[in-house]
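What follows is start35.cif (mmCIF, C-alpha atoms (C1' of nucleotides)).
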```
data_protein
loop_
_atom_site.group_PDB
_atom_site.id
_atom_site.type_symbol
_atom_site.label_atom_id
_atom_site.label_comp_id
_atom_site.auth_asym_id
_atom_site.auth_seq_id
_atom_site.Cartn_x
_atom_site.Cartn_y
_atom_site.Cartn_z
ATOM 1 C CA MET A 712 18.540 -26.979 -65.382
ATOM 2 C CA SER A 713 16.702 -26.345 -68.606
ATOM 3 C CA ILE A 714 13.543 -27.556 -66.999
ATOM 4 C CA LYS A 715 11.745 -25.643 -64.306
ATOM 5 C CA LYS A 716 10.589 -28.561 -62.181
ATOM 6 C CA PRO A 717 13.705 -29.906 -60.478
ATOM 7 C CA ASP A 718 11.505 -32.391 -58.635
ATOM 8 C CA LEU A 719 11.156 -34.373 -61.818
ATOM 9 C CA LEU A 720 14.802 -35.290 -61.466
ATOM 10 C CA GLN A 721 14.032 -37.022 -58.224
ATOM 11 C CA GLY A 722 13.891 -40.740 -58.707
ATOM 12 C CA THR A 723 15.390 -40.602 -62.177
ATOM 13 C CA LEU A 724 18.862 -39.315 -61.360
ATOM 14 C CA ASP A 725 20.146 -42.752 -60.387
ATOM 15 C CA LEU A 726 18.731 -44.130 -63.602
ATOM 16 C CA LEU A 727 20.469 -41.467 -65.681
ATOM 17 C CA VAL A 728 23.802 -41.963 -63.942
ATOM 18 C CA LEU A 729 23.691 -45.755 -64.164
ATOM 19 C CA LYS A 730 22.719 -45.672 -67.820
ATOM 20 C CA THR A 731 25.547 -43.277 -68.617
ATOM 21 C CA LEU A 732 28.075 -45.454 -66.798
ATOM 22 C CA ALA A 733 26.782 -48.525 -68.606
ATOM 23 C CA GLN A 734 28.370 -47.073 -71.718
ATOM 24 C CA GLY A 735 31.772 -46.947 -70.104
ATOM 25 C CA PRO A 736 33.611 -45.472 -67.110
ATOM 26 C CA HIS A 737 33.455 -41.734 -66.564
ATOM 27 C CA HIS A 738 34.387 -39.203 -63.967
ATOM 28 C CA GLY A 739 31.703 -37.088 -62.325
ATOM 29 C CA TYR A 740 32.147 -34.029 -64.446
ATOM 30 C CA GLY A 741 32.024 -36.147 -67.588
ATOM 31 C CA ILE A 742 28.837 -37.879 -66.481
ATOM 32 C CA ALA A 743 27.061 -34.545 -66.139
ATOM 33 C CA GLN A 744 28.273 -33.487 -69.578
ATOM 34 C CA LYS A 745 27.180 -36.737 -71.159
ATOM 35 C CA ILE A 746 23.705 -36.532 -69.635
ATOM 36 C CA LEU A 747 23.382 -32.951 -70.826
ATOM 37 C CA LEU A 748 24.424 -33.986 -74.310
ATOM 38 C CA SER A 749 22.323 -37.119 -74.639
ATOM 39 C CA SER A 750 19.261 -35.393 -73.183
ATOM 40 C CA ARG A 751 19.691 -32.697 -75.830
ATOM 41 C CA GLN A 752 20.462 -29.933 -73.329
ATOM 42 C CA ILE A 753 17.350 -30.571 -71.261
ATOM 43 C CA ILE A 754 18.767 -32.286 -68.199
ATOM 44 C CA ASP A 755 21.588 -30.368 -66.552
ATOM 45 C CA VAL A 756 22.543 -32.252 -63.396
ATOM 46 C CA GLN A 757 24.006 -29.953 -60.776
ATOM 47 C CA GLN A 758 27.200 -30.948 -58.987
ATOM 48 C CA GLY A 759 25.473 -30.739 -55.627
ATOM 49 C CA SER A 760 23.083 -33.417 -56.871
ATOM 50 C CA LEU A 761 25.547 -35.520 -58.792
ATOM 51 C CA TYR A 762 28.302 -36.119 -56.272
ATOM 52 C CA PRO A 763 25.993 -37.100 -53.424
ATOM 53 C CA ALA A 764 24.276 -39.443 -55.903
ATOM 54 C CA LEU A 765 27.560 -41.037 -56.913
ATOM 55 C CA HIS A 766 28.570 -41.541 -53.294
ATOM 56 C CA ARG A 767 25.168 -43.007 -52.539
ATOM 57 C CA LEU A 768 25.427 -45.415 -55.479
ATOM 58 C CA GLU A 769 28.894 -46.414 -54.389
ATOM 59 C CA ARG A 770 27.718 -47.081 -50.833
ATOM 60 C CA LYS A 771 25.018 -49.314 -52.305
ATOM 61 C CA GLY A 772 27.604 -51.181 -54.337
ATOM 62 C CA LEU A 773 26.139 -50.225 -57.706
ATOM 63 C CA VAL A 774 29.190 -48.302 -58.861
ATOM 64 C CA LYS A 775 32.877 -48.424 -57.950
ATOM 65 C CA SER A 776 35.529 -45.762 -58.345
ATOM 66 C CA GLU A 777 39.244 -45.271 -58.586
ATOM 67 C CA TRP A 778 41.594 -42.336 -59.049
ATOM 68 C CA ARG A 779 43.016 -42.120 -62.522
ATOM 69 C CA GLU A 780 44.542 -39.619 -64.815
ATOM 70 C CA SER A 781 41.971 -38.006 -67.106
ATOM 71 C CA ASP A 782 42.408 -37.142 -70.775
ATOM 72 C CA ALA A 783 43.526 -33.688 -69.799
ATOM 73 C CA GLY A 784 46.328 -35.202 -67.728
ATOM 74 C CA ARG A 785 44.688 -34.430 -64.408
ATOM 75 C CA MET A 786 43.634 -36.647 -61.545
ATOM 76 C CA ALA A 787 39.989 -37.581 -61.595
ATOM 77 C CA ARG A 788 37.846 -40.090 -59.760
ATOM 78 C CA VAL A 789 36.609 -42.474 -62.404
ATOM 79 C CA TYR A 790 33.365 -44.340 -61.768
ATOM 80 C CA SER A 791 32.217 -47.569 -63.372
ATOM 81 C CA LEU A 792 29.280 -49.930 -63.010
ATOM 82 C CA THR A 793 29.541 -53.061 -60.902
ATOM 83 C CA ARG A 794 27.754 -56.260 -61.847
ATOM 84 C CA THR A 795 25.061 -55.420 -59.288
ATOM 85 C CA GLY A 796 24.825 -51.997 -60.870
ATOM 86 C CA HIS A 797 24.096 -53.524 -64.251
ATOM 87 C CA LYS A 798 21.278 -55.621 -62.834
ATOM 88 C CA HIS A 799 19.927 -52.666 -60.949
ATOM 89 C CA LEU A 800 19.923 -50.548 -64.078
ATOM 90 C CA ALA A 801 17.724 -53.058 -65.879
ATOM 91 C CA SER A 802 15.197 -52.926 -63.074
ATOM 92 C CA GLU A 803 15.320 -49.115 -62.921
ATOM 93 C CA ILE A 804 14.594 -48.926 -66.623
ATOM 94 C CA GLU A 805 11.664 -51.266 -66.251
ATOM 95 C CA GLN A 806 10.221 -49.248 -63.374
ATOM 96 C CA TRP A 807 10.642 -46.011 -65.273
ATOM 97 C CA SER A 808 8.849 -47.458 -68.296
ATOM 98 C CA ARG A 809 5.973 -48.666 -66.162
ATOM 99 C CA TYR A 810 5.683 -45.375 -64.384
ATOM 100 C CA ALA A 811 5.893 -43.261 -67.517
ATOM 101 C CA ALA A 812 3.217 -45.421 -69.113
ATOM 102 C CA ALA A 813 1.013 -45.001 -66.045
ATOM 103 C CA ILE A 814 1.353 -41.228 -66.165
ATOM 104 C CA ASN A 815 0.453 -41.218 -69.837
ATOM 105 C CA TRP A 816 -2.652 -43.291 -69.158
ATOM 106 C CA VAL A 817 -3.756 -40.748 -66.596
ATOM 107 C CA LEU A 818 -3.074 -37.915 -69.020
ATOM 108 C CA GLU A 819 -5.128 -39.640 -71.684
ATOM 109 C CA GLY A 820 -7.926 -39.603 -69.153
ATOM 110 C CA MET B 269 2.068 -48.014 -54.303
ATOM 111 C CA SER B 270 2.417 -50.691 -56.932
ATOM 112 C CA ILE B 271 5.765 -49.261 -57.891
ATOM 113 C CA LYS B 272 8.879 -49.572 -55.784
ATOM 114 C CA LYS B 273 10.389 -46.177 -56.437
ATOM 115 C CA PRO B 274 8.193 -43.732 -54.558
ATOM 116 C CA ASP B 275 10.526 -40.900 -55.542
ATOM 117 C CA LEU B 276 9.166 -41.059 -59.051
ATOM 118 C CA LEU B 277 5.935 -39.633 -57.699
ATOM 119 C CA GLN B 278 7.758 -36.489 -56.704
ATOM 120 C CA GLY B 279 7.233 -33.844 -59.278
ATOM 121 C CA THR B 280 4.387 -35.656 -60.953
ATOM 122 C CA LEU B 281 1.864 -35.713 -58.125
ATOM 123 C CA ASP B 282 0.656 -32.179 -58.812
ATOM 124 C CA LEU B 283 0.283 -33.068 -62.468
ATOM 125 C CA LEU B 284 -1.790 -36.149 -61.661
ATOM 126 C CA VAL B 285 -4.042 -34.280 -59.258
ATOM 127 C CA LEU B 286 -4.582 -31.324 -61.590
ATOM 128 C CA LYS B 287 -5.320 -33.593 -64.532
ATOM 129 C CA THR B 288 -7.849 -35.558 -62.503
ATOM 130 C CA LEU B 289 -9.584 -32.394 -61.343
ATOM 131 C CA ALA B 290 -9.671 -31.086 -64.911
ATOM 132 C CA GLN B 291 -12.257 -33.770 -65.581
ATOM 133 C CA GLY B 292 -14.537 -32.457 -62.884
ATOM 134 C CA PRO B 293 -14.651 -31.716 -59.150
ATOM 135 C CA HIS B 294 -13.763 -34.499 -56.726
ATOM 136 C CA HIS B 295 -13.090 -34.964 -53.056
ATOM 137 C CA GLY B 296 -9.687 -36.183 -51.897
ATOM 138 C CA TYR B 297 -10.625 -39.787 -51.500
ATOM 139 C CA GLY B 298 -12.169 -39.812 -54.959
ATOM 140 C CA ILE B 299 -9.083 -38.262 -56.542
ATOM 141 C CA ALA B 300 -6.915 -41.074 -55.215
ATOM 142 C CA GLN B 301 -9.363 -43.661 -56.520
ATOM 143 C CA LYS B 302 -9.516 -42.069 -59.926
ATOM 144 C CA ILE B 303 -5.736 -41.906 -60.259
ATOM 145 C CA LEU B 304 -5.470 -45.540 -59.225
ATOM 146 C CA LEU B 305 -8.061 -46.481 -61.807
ATOM 147 C CA SER B 306 -6.771 -44.417 -64.711
ATOM 148 C CA SER B 307 -3.172 -45.473 -64.063
ATOM 149 C CA ARG B 308 -4.331 -49.106 -64.225
ATOM 150 C CA GLN B 309 -3.530 -49.812 -60.569
ATOM 151 C CA ILE B 310 0.053 -48.610 -60.843
ATOM 152 C CA ILE B 311 -0.110 -45.300 -59.019
ATOM 153 C CA ASP B 312 -1.625 -45.511 -55.559
ATOM 154 C CA VAL B 313 -1.352 -42.068 -53.996
ATOM 155 C CA GLN B 314 -1.154 -42.249 -50.210
ATOM 156 C CA GLN B 315 -3.333 -39.950 -48.133
ATOM 157 C CA GLY B 316 -0.290 -38.528 -46.414
ATOM 158 C CA SER B 317 0.904 -37.390 -49.838
ATOM 159 C CA LEU B 318 -2.431 -36.383 -51.260
ATOM 160 C CA TYR B 319 -3.804 -34.049 -48.614
ATOM 161 C CA PRO B 320 -0.638 -31.990 -48.231
ATOM 162 C CA ALA B 321 -0.573 -31.740 -52.033
ATOM 163 C CA LEU B 322 -4.177 -30.531 -52.178
ATOM 164 C CA HIS B 323 -3.548 -27.934 -49.482
ATOM 165 C CA ARG B 324 -0.409 -26.816 -51.286
ATOM 166 C CA LEU B 325 -2.267 -26.482 -54.575
ATOM 167 C CA GLU B 326 -5.005 -24.532 -52.842
ATOM 168 C CA ARG B 327 -2.482 -22.157 -51.265
ATOM 169 C CA LYS B 328 -1.047 -21.579 -54.722
ATOM 170 C CA GLY B 329 -4.513 -20.807 -56.057
ATOM 171 C CA LEU B 330 -4.547 -23.698 -58.519
ATOM 172 C CA VAL B 331 -7.490 -25.461 -56.918
ATOM 173 C CA LYS B 332 -10.374 -24.289 -54.745
ATOM 174 C CA SER B 333 -12.524 -26.271 -52.356
ATOM 175 C CA GLU B 334 -15.877 -26.232 -50.632
ATOM 176 C CA TRP B 335 -17.799 -28.488 -48.279
ATOM 177 C CA ARG B 336 -20.546 -30.384 -50.008
ATOM 178 C CA GLU B 337 -22.637 -33.445 -49.515
ATOM 179 C CA SER B 338 -21.160 -36.423 -51.321
ATOM 180 C CA ASP B 339 -23.092 -39.108 -53.194
ATOM 181 C CA ALA B 340 -23.201 -41.191 -50.073
ATOM 182 C CA GLY B 341 -24.951 -38.379 -48.233
ATOM 183 C CA ARG B 342 -21.914 -37.379 -46.216
ATOM 184 C CA MET B 343 -19.997 -34.164 -45.922
ATOM 185 C CA ALA B 344 -16.873 -34.014 -48.032
ATOM 186 C CA ARG B 345 -14.477 -31.309 -49.098
ATOM 187 C CA VAL B 346 -14.839 -31.047 -52.847
ATOM 188 C CA TYR B 347 -11.925 -29.702 -54.876
ATOM 189 C CA SER B 348 -12.054 -28.145 -58.315
ATOM 190 C CA LEU B 349 -9.629 -26.433 -60.689
ATOM 191 C CA THR B 350 -9.376 -22.662 -60.864
ATOM 192 C CA ARG B 351 -8.670 -20.873 -64.118
ATOM 193 C CA THR B 352 -5.055 -20.496 -63.042
ATOM 194 C CA GLY B 353 -5.040 -24.211 -62.329
ATOM 195 C CA HIS B 354 -6.102 -24.975 -65.865
ATOM 196 C CA LYS B 355 -3.295 -22.898 -67.289
ATOM 197 C CA HIS B 356 -0.834 -24.426 -64.905
ATOM 198 C CA LEU B 357 -1.910 -27.921 -65.900
ATOM 199 C CA ALA B 358 -1.100 -27.223 -69.530
ATOM 200 C CA SER B 359 2.387 -26.106 -68.597
ATOM 201 C CA GLU B 360 2.896 -29.104 -66.294
ATOM 202 C CA ILE B 361 1.926 -31.458 -69.096
ATOM 203 C CA GLU B 362 4.337 -29.769 -71.438
ATOM 204 C CA GLN B 363 7.171 -30.014 -68.922
ATOM 205 C CA TRP B 364 6.432 -33.647 -68.264
ATOM 206 C CA SER B 365 6.492 -34.429 -71.985
ATOM 207 C CA ARG B 366 9.782 -32.679 -72.425
ATOM 208 C CA TYR B 367 11.297 -34.393 -69.454
ATOM 209 C CA ALA B 368 10.043 -37.861 -70.390
ATOM 210 C CA ALA B 369 11.392 -37.384 -73.900
ATOM 211 C CA ALA B 370 14.759 -36.307 -72.483
ATOM 212 C CA ILE B 371 14.953 -39.409 -70.303
ATOM 213 C CA ASN B 372 14.158 -41.602 -73.270
ATOM 214 C CA TRP B 373 16.895 -39.977 -75.304
ATOM 215 C CA VAL B 374 19.369 -40.758 -72.571
ATOM 216 C CA LEU B 375 18.120 -44.341 -72.405
ATOM 217 C CA GLU B 376 18.524 -44.727 -76.145
ATOM 218 C CA GLY B 377 22.153 -43.744 -75.634
ATOM 219 C "C1'" DC C 1451 48.229 -13.037 -64.463
ATOM 220 C "C1'" DA C 1452 43.460 -13.241 -64.870
ATOM 221 C "C1'" DT C 1453 39.807 -15.797 -66.580
ATOM 222 C "C1'" DG C 1454 37.252 -19.778 -67.863
ATOM 223 C "C1'" DA C 1455 36.958 -24.675 -68.305
ATOM 224 C "C1'" DT C 1456 38.008 -28.769 -65.908
ATOM 225 C "C1'" DA C 1457 37.474 -31.393 -61.680
ATOM 226 C "C1'" DT C 1458 36.049 -32.859 -56.772
ATOM 227 C "C1'" DG C 1459 33.598 -32.187 -53.014
ATOM 228 C "C1'" DT C 1460 30.783 -30.215 -48.631
ATOM 229 C "C1'" DA C 1461 27.215 -27.497 -45.843
ATOM 230 C "C1'" DG C 1462 22.874 -25.900 -44.889
ATOM 231 C "C1'" DA C 1463 18.313 -25.129 -46.329
ATOM 232 C "C1'" DC C 1464 14.200 -26.790 -48.062
ATOM 233 C "C1'" DA C 1465 10.563 -29.505 -50.061
ATOM 234 C "C1'" DG C 1466 8.046 -33.544 -50.643
ATOM 235 C "C1'" DT C 1467 6.693 -38.219 -49.595
ATOM 236 C "C1'" DC C 1468 6.086 -41.955 -46.369
ATOM 237 C "C1'" DA C 1469 4.356 -44.687 -42.550
ATOM 238 C "C1'" DA C 1470 1.528 -44.404 -39.001
ATOM 239 C "C1'" DG C 1471 -1.962 -42.814 -36.443
ATOM 240 C "C1'" DG C 1472 -6.323 -40.210 -35.146
ATOM 241 C "C1'" DT C 1473 -11.332 -39.038 -35.891
ATOM 242 C "C1'" DA C 1474 -15.834 -40.018 -37.620
ATOM 243 C "C1'" DT C 1475 -19.989 -41.780 -40.387
ATOM 244 C "C1'" DA C 1476 -22.643 -45.251 -43.108
ATOM 245 C "C1'" DA C 1477 -23.777 -49.788 -44.668
ATOM 246 C "C1'" DG C 1478 -23.978 -54.567 -44.375
ATOM 247 C "C1'" DA C 1479 -22.977 -59.026 -42.077
ATOM 248 C "C1'" DG C 1480 -23.524 -61.892 -38.375
ATOM 249 C "C1'" DC D 421 -26.692 -54.688 -31.590
ATOM 250 C "C1'" DT D 422 -22.038 -55.093 -32.577
ATOM 251 C "C1'" DC D 423 -18.304 -55.857 -35.797
ATOM 252 C "C1'" DT D 424 -16.088 -54.990 -39.957
ATOM 253 C "C1'" DT D 425 -15.372 -52.632 -44.167
ATOM 254 C "C1'" DA D 426 -15.565 -48.713 -46.949
ATOM 255 C "C1'" DT D 427 -15.833 -43.938 -47.046
ATOM 256 C "C1'" DA D 428 -13.862 -39.469 -45.776
ATOM 257 C "C1'" DC D 429 -10.897 -35.968 -43.529
ATOM 258 C "C1'" DC D 430 -6.453 -34.725 -41.592
ATOM 259 C "C1'" DT D 431 -1.740 -34.422 -38.871
ATOM 260 C "C1'" DT D 432 2.734 -35.783 -37.102
ATOM 261 C "C1'" DG D 433 7.543 -37.055 -37.332
ATOM 262 C "C1'" DA D 434 11.049 -39.173 -39.856
ATOM 263 C "C1'" DC D 435 13.526 -39.572 -43.895
ATOM 264 C "C1'" DT D 436 15.389 -38.783 -48.385
ATOM 265 C "C1'" DG D 437 16.967 -36.140 -52.057
ATOM 266 C "C1'" DT D 438 17.901 -32.021 -54.521
ATOM 267 C "C1'" DC D 439 19.198 -27.163 -54.509
ATOM 268 C "C1'" DT D 440 22.123 -23.102 -53.901
ATOM 269 C "C1'" DA D 441 26.266 -21.681 -52.587
ATOM 270 C "C1'" DC D 442 30.667 -22.315 -51.292
ATOM 271 C "C1'" DA D 443 35.660 -24.109 -51.045
ATOM 272 C "C1'" DT D 444 39.540 -25.901 -53.400
ATOM 273 C "C1'" DA D 445 42.746 -26.852 -57.165
ATOM 274 C "C1'" DT D 446 44.785 -27.507 -61.982
ATOM 275 C "C1'" DC D 447 45.374 -26.367 -66.857
ATOM 276 C "C1'" DA D 448 45.000 -23.683 -71.086
ATOM 277 C "C1'" DT D 449 44.083 -19.374 -73.263
ATOM 278 C "C1'" DG D 450 44.285 -14.605 -73.882
#
```
As structure tokens, how would this structure be written, given the file I've shared?
Amino acid sequence: MSIKKPDLLQGTLDLLVLKTLAQGPHHGYGIAQKILLSSRQIIDVQQGSLYPALHRLERKGLVKSEWRESDAGRMARVYSLTRTGHKHLASEIEQWSRYAAAINWVLEG
Amino acid sequence: MSIKKPDLLQGTLDLLVLKTLAQGPHHGYGIAQKILLSSRQIIDVQQGSLYPALHRLERKGLVKSEWRESDAGRMARVYSLTRTGHKHLASEIEQWSRYAAAINWVLEG
DNA sequence: CATGATATGTAGACAGTCAAGGTATAAGAG
DNA sequence: CTCTTATACCTTGACTGTCTACATATCATG
């Protein structure tokens, strides 16, 4: 993690994963890479955080998965957003925006 | 809490408390009120979150406290920032900014 | 054939927040 | 004079989520 406060990830990991999957199906490893890339190397999601998150999201019905062959010709579990997941993502984004705005108001004093 | 994802608080609570104390000493109850006010009613810090956080920050030497008489003529434990706390606040703000920017990059795709 | 990148996953530890409750004082309403 | 509301402190126990570290396996490169 390029950032020293891992706690900041808490509550935003689902958002990051859902947003990444909204741009198309990915396997776990690829999701982590994409987040790292699109966050400009700042957010490096650890595997021990990512896989439990994916399983949690799948239990909640926000993502679904299937085994497929990856680009490299290897088996990988590919995750994609469900319709519920899409709706949920919209609400997560809204909550994040509200919360980030609230923090900034406090910081402005 | 006016926001449905309590996890978002994690990692930002210390920041909120330190920032509030940077504007002058307060007792616990007053800190919660001030955060609620300056966040425009969005962030309502529960006492069960606040007091452990204050004790944690005091253990770390970022805040100090003493018993004083409050405005209402009652005894209250008044917290204030230490010099270390001030420095730490600056770094917390910087980390928050970086992290919030990173999230926004991911959301922009 | 060893190493590093790809790929999935689990186990155990740990931290932080939450809901709920406990204690107590002061002020104002009835 | 008693009830309620606001002020003010704090703890407990449950729960969730992330972390480090580990275990496993394939493929490509050197």
Ground truth for the PyMOL selection byres ((chain B) within 8 of (chain A)), written as an NGL selection string:
:B and (271-276 or 278-280 or 284 or 287-288 or 303 or 306-308 or 310-311 or 363 or 366-368 or 370-371 or 373-375 or 377)
Mobile chain A placed on reference chain B by ordered C-alpha fit, as an mmCIF file with C-alpha atoms, in the frame of the given file:
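What ended up in superposed.cif:
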```
data_model
loop_
_atom_site.group_PDB
_atom_site.id
_atom_site.type_symbol
_atom_site.label_atom_id
_atom_site.label_comp_id
_atom_site.auth_asym_id
_atom_site.auth_seq_id
_atom_site.Cartn_x
_atom_site.Cartn_y
_atom_site.Cartn_z
ATOM 1 C CA MET A 712 2.058 -48.054 -54.186
ATOM 2 C CA SER A 713 2.354 -50.649 -56.898
ATOM 3 C CA ILE A 714 5.692 -49.233 -57.836
ATOM 4 C CA LYS A 715 8.743 -49.555 -55.660
ATOM 5 C CA LYS A 716 10.295 -46.159 -56.314
ATOM 6 C CA PRO A 717 8.095 -43.646 -54.508
ATOM 7 C CA ASP A 718 10.509 -40.916 -55.574
ATOM 8 C CA LEU A 719 9.136 -41.133 -59.074
ATOM 9 C CA LEU A 720 5.931 -39.644 -57.744
ATOM 10 C CA GLN A 721 7.800 -36.534 -56.778
ATOM 11 C CA GLY A 722 7.189 -33.793 -59.267
ATOM 12 C CA THR A 723 4.349 -35.623 -60.968
ATOM 13 C CA LEU A 724 1.813 -35.698 -58.150
ATOM 14 C CA ASP A 725 0.621 -32.159 -58.834
ATOM 15 C CA LEU A 726 0.263 -33.045 -62.484
ATOM 16 C CA LEU A 727 -1.820 -36.120 -61.686
ATOM 17 C CA VAL A 728 -4.077 -34.246 -59.283
ATOM 18 C CA LEU A 729 -4.609 -31.294 -61.617
ATOM 19 C CA LYS A 730 -5.349 -33.552 -64.562
ATOM 20 C CA THR A 731 -7.871 -35.529 -62.537
ATOM 21 C CA LEU A 732 -9.615 -32.359 -61.374
ATOM 22 C CA ALA A 733 -9.698 -31.059 -64.934
ATOM 23 C CA GLN A 734 -12.274 -33.747 -65.607
ATOM 24 C CA GLY A 735 -14.560 -32.440 -62.912
ATOM 25 C CA PRO A 736 -14.662 -31.694 -59.177
ATOM 26 C CA HIS A 737 -13.757 -34.460 -56.763
ATOM 27 C CA HIS A 738 -13.082 -34.932 -53.110
ATOM 28 C CA GLY A 739 -9.681 -36.139 -51.947
ATOM 29 C CA TYR A 740 -10.580 -39.753 -51.523
ATOM 30 C CA GLY A 741 -12.155 -39.802 -54.971
ATOM 31 C CA ILE A 742 -9.086 -38.245 -56.564
ATOM 32 C CA ALA A 743 -6.892 -41.038 -55.231
ATOM 33 C CA GLN A 744 -9.335 -43.643 -56.519
ATOM 34 C CA LYS A 745 -9.520 -42.040 -59.932
ATOM 35 C CA ILE A 746 -5.739 -41.873 -60.271
ATOM 36 C CA LEU A 747 -5.475 -45.507 -59.238
ATOM 37 C CA LEU A 748 -8.081 -46.457 -61.807
ATOM 38 C CA SER A 749 -6.805 -44.399 -64.718
ATOM 39 C CA SER A 750 -3.206 -45.449 -64.070
ATOM 40 C CA ARG A 751 -4.376 -49.064 -64.225
ATOM 41 C CA GLN A 752 -3.567 -49.804 -60.580
ATOM 42 C CA ILE A 753 0.014 -48.591 -60.851
ATOM 43 C CA ILE A 754 -0.132 -45.269 -59.044
ATOM 44 C CA ASP A 755 -1.636 -45.491 -55.574
ATOM 45 C CA VAL A 756 -1.355 -42.047 -53.999
ATOM 46 C CA GLN A 757 -1.173 -42.238 -50.228
ATOM 47 C CA GLN A 758 -3.354 -39.950 -48.131
ATOM 48 C CA GLY A 759 -0.312 -38.498 -46.412
ATOM 49 C CA SER A 760 0.881 -37.367 -49.837
ATOM 50 C CA LEU A 761 -2.446 -36.359 -51.286
ATOM 51 C CA TYR A 762 -3.860 -34.050 -48.646
ATOM 52 C CA PRO A 763 -0.695 -32.002 -48.210
ATOM 53 C CA ALA A 764 -0.596 -31.734 -52.018
ATOM 54 C CA LEU A 765 -4.176 -30.509 -52.183
ATOM 55 C CA HIS A 766 -3.546 -27.923 -49.483
ATOM 56 C CA ARG A 767 -0.403 -26.813 -51.268
ATOM 57 C CA LEU A 768 -2.268 -26.455 -54.570
ATOM 58 C CA GLU A 769 -5.001 -24.514 -52.846
ATOM 59 C CA ARG A 770 -2.483 -22.156 -51.240
ATOM 60 C CA LYS A 771 -1.054 -21.561 -54.711
ATOM 61 C CA GLY A 772 -4.504 -20.790 -56.052
ATOM 62 C CA LEU A 773 -4.558 -23.672 -58.521
ATOM 63 C CA VAL A 774 -7.502 -25.432 -56.915
ATOM 64 C CA LYS A 775 -10.385 -24.273 -54.728
ATOM 65 C CA SER A 776 -12.535 -26.269 -52.347
ATOM 66 C CA GLU A 777 -15.865 -26.250 -50.612
ATOM 67 C CA TRP A 778 -17.740 -28.552 -48.259
ATOM 68 C CA ARG A 779 -20.502 -30.459 -49.952
ATOM 69 C CA GLU A 780 -22.515 -33.553 -49.487
ATOM 70 C CA SER A 781 -21.020 -36.533 -51.317
ATOM 71 C CA ASP A 782 -22.905 -39.225 -53.215
ATOM 72 C CA ALA A 783 -22.980 -41.328 -50.100
ATOM 73 C CA GLY A 784 -24.762 -38.518 -48.268
ATOM 74 C CA ARG A 785 -21.736 -37.535 -46.224
ATOM 75 C CA MET A 786 -19.850 -34.283 -45.922
ATOM 76 C CA ALA A 787 -16.773 -34.093 -48.079
ATOM 77 C CA ARG A 788 -14.416 -31.340 -49.140
ATOM 78 C CA VAL A 789 -14.821 -31.059 -52.876
ATOM 79 C CA TYR A 790 -11.928 -29.666 -54.900
ATOM 80 C CA SER A 791 -12.072 -28.101 -58.342
ATOM 81 C CA LEU A 792 -9.641 -26.411 -60.701
ATOM 82 C CA THR A 793 -9.382 -22.640 -60.865
ATOM 83 C CA ARG A 794 -8.665 -20.827 -64.108
ATOM 84 C CA THR A 795 -5.031 -20.482 -63.021
ATOM 85 C CA GLY A 796 -5.038 -24.193 -62.313
ATOM 86 C CA HIS A 797 -6.099 -24.948 -65.863
ATOM 87 C CA LYS A 798 -3.270 -22.865 -67.281
ATOM 88 C CA HIS A 799 -0.826 -24.422 -64.891
ATOM 89 C CA LEU A 800 -1.905 -27.900 -65.900
ATOM 90 C CA ALA A 801 -1.104 -27.188 -69.537
ATOM 91 C CA SER A 802 2.392 -26.104 -68.602
ATOM 92 C CA GLU A 803 2.886 -29.108 -66.301
ATOM 93 C CA ILE A 804 1.923 -31.441 -69.111
ATOM 94 C CA GLU A 805 4.355 -29.761 -71.448
ATOM 95 C CA GLN A 806 7.187 -30.013 -68.929
ATOM 96 C CA TRP A 807 6.431 -33.652 -68.259
ATOM 97 C CA SER A 808 6.483 -34.430 -71.979
ATOM 98 C CA ARG A 809 9.804 -32.680 -72.421
ATOM 99 C CA TYR A 810 11.308 -34.413 -69.452
ATOM 100 C CA ALA A 811 10.037 -37.857 -70.372
ATOM 101 C CA ALA A 812 11.401 -37.388 -73.878
ATOM 102 C CA ALA A 813 14.767 -36.343 -72.455
ATOM 103 C CA ILE A 814 14.943 -39.436 -70.271
ATOM 104 C CA ASN A 815 14.122 -41.632 -73.237
ATOM 105 C CA TRP A 816 16.882 -40.025 -75.286
ATOM 106 C CA VAL A 817 19.349 -40.830 -72.544
ATOM 107 C CA LEU A 818 18.073 -44.394 -72.355
ATOM 108 C CA GLU A 819 18.476 -44.784 -76.094
ATOM 109 C CA GLY A 820 22.078 -43.816 -75.523
#
```
Find the spatial neighbours of DC423 in chain D, counting all atoms listed in the file, within a cut-off of 12 Å - ignore same-chain residues fewer than 5 positions away - and output them as a list in words.
DG1478, DA1479 and DG1480 of chain C
Which residues of chain D come within 9 Å of chain A, and what is each one's closest atom pair and distance in Å (one decimal), counting only C-alpha atoms (C1' of nucleotides), sorted by chain and residue number, as JSON lines?
```
{"residue": "D:DG437", "atom": "C1'", "partner": "A:Gln721", "partner_atom": "CA", "distance": 6.9}
{"residue": "D:DT438", "atom": "C1'", "partner": "A:Ser760", "partner_atom": "CA", "distance": 5.9}
{"residue": "D:DC439", "atom": "C1'", "partner": "A:Gly759", "partner_atom": "CA", "distance": 7.3}
{"residue": "D:DT440", "atom": "C1'", "partner": "A:Gly759", "partner_atom": "CA", "distance": 8.5}
{"residue": "D:DT446", "atom": "C1'", "partner": "A:Arg785", "partner_atom": "CA", "distance": 7.3}
{"residue": "D:DC447", "atom": "C1'", "partner": "A:Ala783", "partner_atom": "CA", "distance": 8.1}
```
Decode the PyMOL selection byres ((chain C) within 8 of (chain B)) for the given file into explicit residues and return them as a PyMOL selection string.
chain C and resi 1466-1468+1475
